[in-house]
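Next comes start31.txt, a file with compact mmCIF, C-alpha atoms.
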```txt
# COMPACT_ATOMS: atom_id res chain seq x y z
CA ASP H 1 -55.39 -63.54 -76.40
CA GLU H 2 -58.48 -62.05 -78.00
CA ILE H 3 -59.70 -60.72 -74.63
CA PHE H 4 -56.92 -58.15 -74.38
CA ALA H 5 -56.38 -55.05 -76.49
CA SER H 6 -53.22 -56.31 -78.18
CA ASP H 7 -53.18 -56.47 -81.97
CA ILE H 8 -50.71 -59.36 -81.78
CA ALA H 9 -51.89 -62.83 -80.79
CA TYR H 10 -49.36 -65.04 -79.01
CA ASN H 11 -48.12 -67.82 -81.24
CA PRO H 12 -45.73 -70.23 -79.45
CA SER H 13 -44.14 -71.50 -82.69
CA THR H 14 -43.19 -67.95 -83.74
CA ALA H 15 -42.16 -66.96 -80.24
CA SER H 16 -39.60 -69.71 -79.96
CA THR H 17 -37.72 -68.40 -82.97
CA ASP H 18 -37.58 -64.68 -82.15
CA LEU H 19 -39.20 -63.88 -78.82
CA ALA H 20 -36.96 -60.83 -78.28
CA GLY H 21 -37.90 -59.44 -81.69
CA MET H 22 -41.59 -59.95 -81.07
CA MET H 23 -41.23 -58.25 -77.67
CA LYS H 24 -39.62 -55.24 -79.37
CA GLU H 25 -42.42 -55.18 -81.95
CA GLU H 26 -45.03 -54.97 -79.19
CA GLY H 27 -43.28 -51.87 -77.82
CA SER H 28 -44.55 -52.52 -74.31
CA ARG H 29 -44.23 -49.97 -71.55
CA ILE H 30 -42.65 -51.90 -68.66
CA GLN H 31 -42.45 -50.70 -65.08
CA VAL H 32 -40.04 -52.41 -62.68
CA LEU H 33 -40.82 -52.01 -58.99
CA ASN H 34 -38.44 -52.98 -56.20
CA GLY H 35 -40.19 -55.12 -53.60
CA THR H 36 -37.01 -55.93 -51.70
CA ALA H 37 -34.68 -54.33 -49.17
CA THR H 38 -31.91 -54.32 -51.81
CA GLU H 39 -31.43 -50.66 -52.62
CA GLY H 40 -31.24 -49.81 -56.32
CA LEU H 41 -32.44 -53.21 -57.54
CA ALA H 42 -35.20 -51.75 -59.73
CA GLY H 43 -32.77 -49.34 -61.40
CA LYS H 44 -30.24 -52.09 -62.06
CA THR H 45 -32.98 -54.31 -63.44
CA GLN H 46 -34.21 -51.45 -65.61
CA GLU H 47 -30.72 -51.08 -67.13
CA TYR H 48 -30.49 -54.85 -67.57
CA LEU H 49 -33.83 -55.06 -69.41
CA LEU H 50 -32.88 -52.13 -71.66
CA GLY H 51 -29.64 -53.98 -72.44
CA GLN H 52 -31.67 -57.09 -73.32
CA GLY H 53 -33.75 -55.22 -75.91
CA ALA H 54 -36.68 -53.71 -74.03
CA THR H 55 -37.22 -50.14 -75.20
CA ASN H 56 -39.47 -48.44 -72.64
CA VAL H 57 -38.67 -49.36 -69.03
CA THR H 58 -39.19 -47.26 -65.89
CA ALA H 59 -38.19 -48.08 -62.31
CA GLY H 60 -39.55 -47.38 -58.85
CA ASN H 61 -40.37 -48.92 -55.49
CA ALA H 62 -43.18 -51.39 -54.85
CA GLY H 63 -44.10 -50.11 -51.41
CA GLU H 64 -44.18 -53.65 -50.04
CA LEU H 65 -41.65 -56.42 -49.50
CA LEU H 66 -42.12 -59.49 -51.67
CA THR H 67 -40.65 -62.95 -51.37
CA ASN H 68 -41.46 -63.85 -54.98
CA SER H 69 -41.33 -61.66 -58.06
CA LYS H 70 -44.52 -61.27 -60.03
CA ILE H 71 -45.77 -59.83 -63.30
CA ILE H 72 -48.98 -57.89 -63.77
CA ASP H 73 -50.13 -57.56 -67.39
CA TYR H 74 -52.61 -54.70 -67.85
CA THR H 75 -53.01 -54.54 -71.62
CA GLY H 76 -52.33 -58.02 -73.00
CA GLN H 77 -48.73 -58.08 -74.20
CA PRO H 78 -48.11 -61.81 -74.74
CA TYR H 79 -44.60 -61.67 -76.19
CA THR H 80 -43.27 -59.18 -73.66
CA ARG H 81 -44.87 -61.14 -70.85
CA ARG H 82 -43.38 -64.44 -72.08
CA TYR H 83 -39.96 -62.83 -72.64
CA LEU H 84 -39.90 -61.48 -69.08
CA VAL H 85 -41.11 -64.77 -67.61
CA ASP H 86 -38.39 -66.70 -69.42
CA LEU H 87 -35.64 -64.16 -68.77
CA MET H 88 -36.42 -63.67 -65.10
CA GLY H 89 -37.57 -67.19 -64.24
CA ILE H 90 -40.94 -66.08 -62.89
CA PRO H 91 -43.28 -69.05 -62.31
CA GLU H 92 -46.63 -69.09 -64.12
CA ASN H 93 -48.55 -68.83 -60.83
CA TYR H 94 -47.00 -65.36 -60.27
CA ILE H 95 -48.41 -63.88 -63.48
CA TYR H 96 -51.53 -61.76 -63.05
CA PHE H 97 -53.86 -60.26 -65.63
CA GLU H 98 -55.68 -57.06 -64.74
CA ASN H 99 -57.30 -55.73 -67.90
CA ASN H 100 -56.86 -51.95 -67.87
CA PRO H 101 -56.33 -50.55 -71.40
CA SER H 102 -56.01 -47.02 -69.97
CA SER H 103 -53.06 -47.96 -67.73
CA ASP H 104 -49.91 -45.81 -68.03
CA VAL H 105 -47.88 -49.02 -68.38
CA ASP H 106 -48.54 -52.33 -70.10
CA ILE H 107 -46.66 -54.63 -67.73
CA VAL H 108 -45.45 -54.22 -64.16
CA VAL H 109 -42.67 -56.43 -62.85
CA MET H 110 -42.60 -56.45 -59.06
CA LEU H 111 -39.21 -57.68 -57.93
CA GLY H 112 -39.07 -60.05 -54.99
CA GLN H 113 -36.31 -61.49 -52.87
CA ASP H 114 -36.01 -64.39 -55.32
CA TRP H 115 -34.72 -61.97 -58.00
CA ALA H 116 -32.50 -60.11 -55.52
CA SER H 117 -30.88 -63.41 -54.49
CA ASN H 118 -30.55 -65.03 -57.89
CA ASN H 119 -30.36 -63.05 -61.12
CA PRO H 120 -28.09 -62.97 -64.19
CA MET H 121 -27.21 -59.27 -63.91
CA PRO H 122 -23.53 -58.33 -63.69
```
Final structure tokens representation of the file:
Amino acid sequence: DEIFASDIAYNPSTASTDLAGMMKEEGSRIQVLNGTATEGLAGKTQEYLLGQGATNVTAGNAGELLTNSKIIDYTGQPYTRRYLVDLMGIPENYIYFENNPSSDVDIVVMLGQDWASNNPMP
């Protein structure tokens, strides 16, 4: 946690009690990119995440088709990352860290066919 630029260190005991609150406190800029053939999936996921408490979410297209969703964390946002992993069921081996403190977004969620086929959105 000390490697990244975040002022908040991930603490699993705190996270289990109020992960959504800690995510809000981080104020992460999240970008959702559609990596599927399902039109509008990124926009629907954007609305879903905003409804779940995220405050700054943008949507777009990934430019490639993905079988599995993945998360790329550019600025070290441990609570937002953990919240998204838990909410979206993204396996640990599909989480990538690319330290870039000057990135326009903190976390990118690239949606794959797994999310298009099985998600909790209405």
(message) Report as a PyMOL selection string all protein, DNA and RNA residues lying within 8 Å of H:Asn99, evaluated on only C-alpha atoms, omitting residues in the same chain fewer than 4 positions from it.
(response) chain H and resi 4+73-76
At a cut-off of 9 Å, using only C-alpha atoms, what residues contact H:Met88? Leave out same-chain residues fewer than 4 positions from it and give the result as a compact mmCIF listing (two decimals) with C-alpha atoms, in the coordinates of the input.
```txt
# COMPACT_ATOMS: atom_id res chain seq x y z
CA SER H 69 -41.33 -61.66 -58.06
CA TYR H 83 -39.96 -62.83 -72.64
CA LEU H 84 -39.90 -61.48 -69.08
CA TRP H 115 -34.72 -61.97 -58.00
CA ASN H 119 -30.36 -63.05 -61.12
CA PRO H 120 -28.09 -62.97 -64.19
```
Any chance you could tabulate, as CSV, the residues of stretch 19-68 of chain H at most 7 Å from stretch 105-111 of chain H with each one's nearest atom pair and distance in Å to one decimal, using all atoms listed in the file, in chain and rising number order?
```
residue,atom,partner,partner_atom,distance
H:Ser28,CA,H:Asp106,CA,5.8
H:Arg29,CA,H:Val105,CA,4.9
H:Ile30,CA,H:Ile107,CA,4.9
H:Gln31,CA,H:Val108,CA,4.7
H:Val32,CA,H:Val109,CA,4.8
H:Leu33,CA,H:Met110,CA,4.8
H:Asn34,CA,H:Leu111,CA,5.1
H:Gly35,CA,H:Leu111,CA,5.1
H:Thr36,CA,H:Leu111,CA,6.8
H:Ala62,CA,H:Met110,CA,6.6
```
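A straight line drawn from atom CA of H:Asn118 to atom CA of H:Leu19 is 22.7 Å long.
Between atom CA of H:Lys24 and atom CA of H:Gln113 there is a distance of 27.4 Å.
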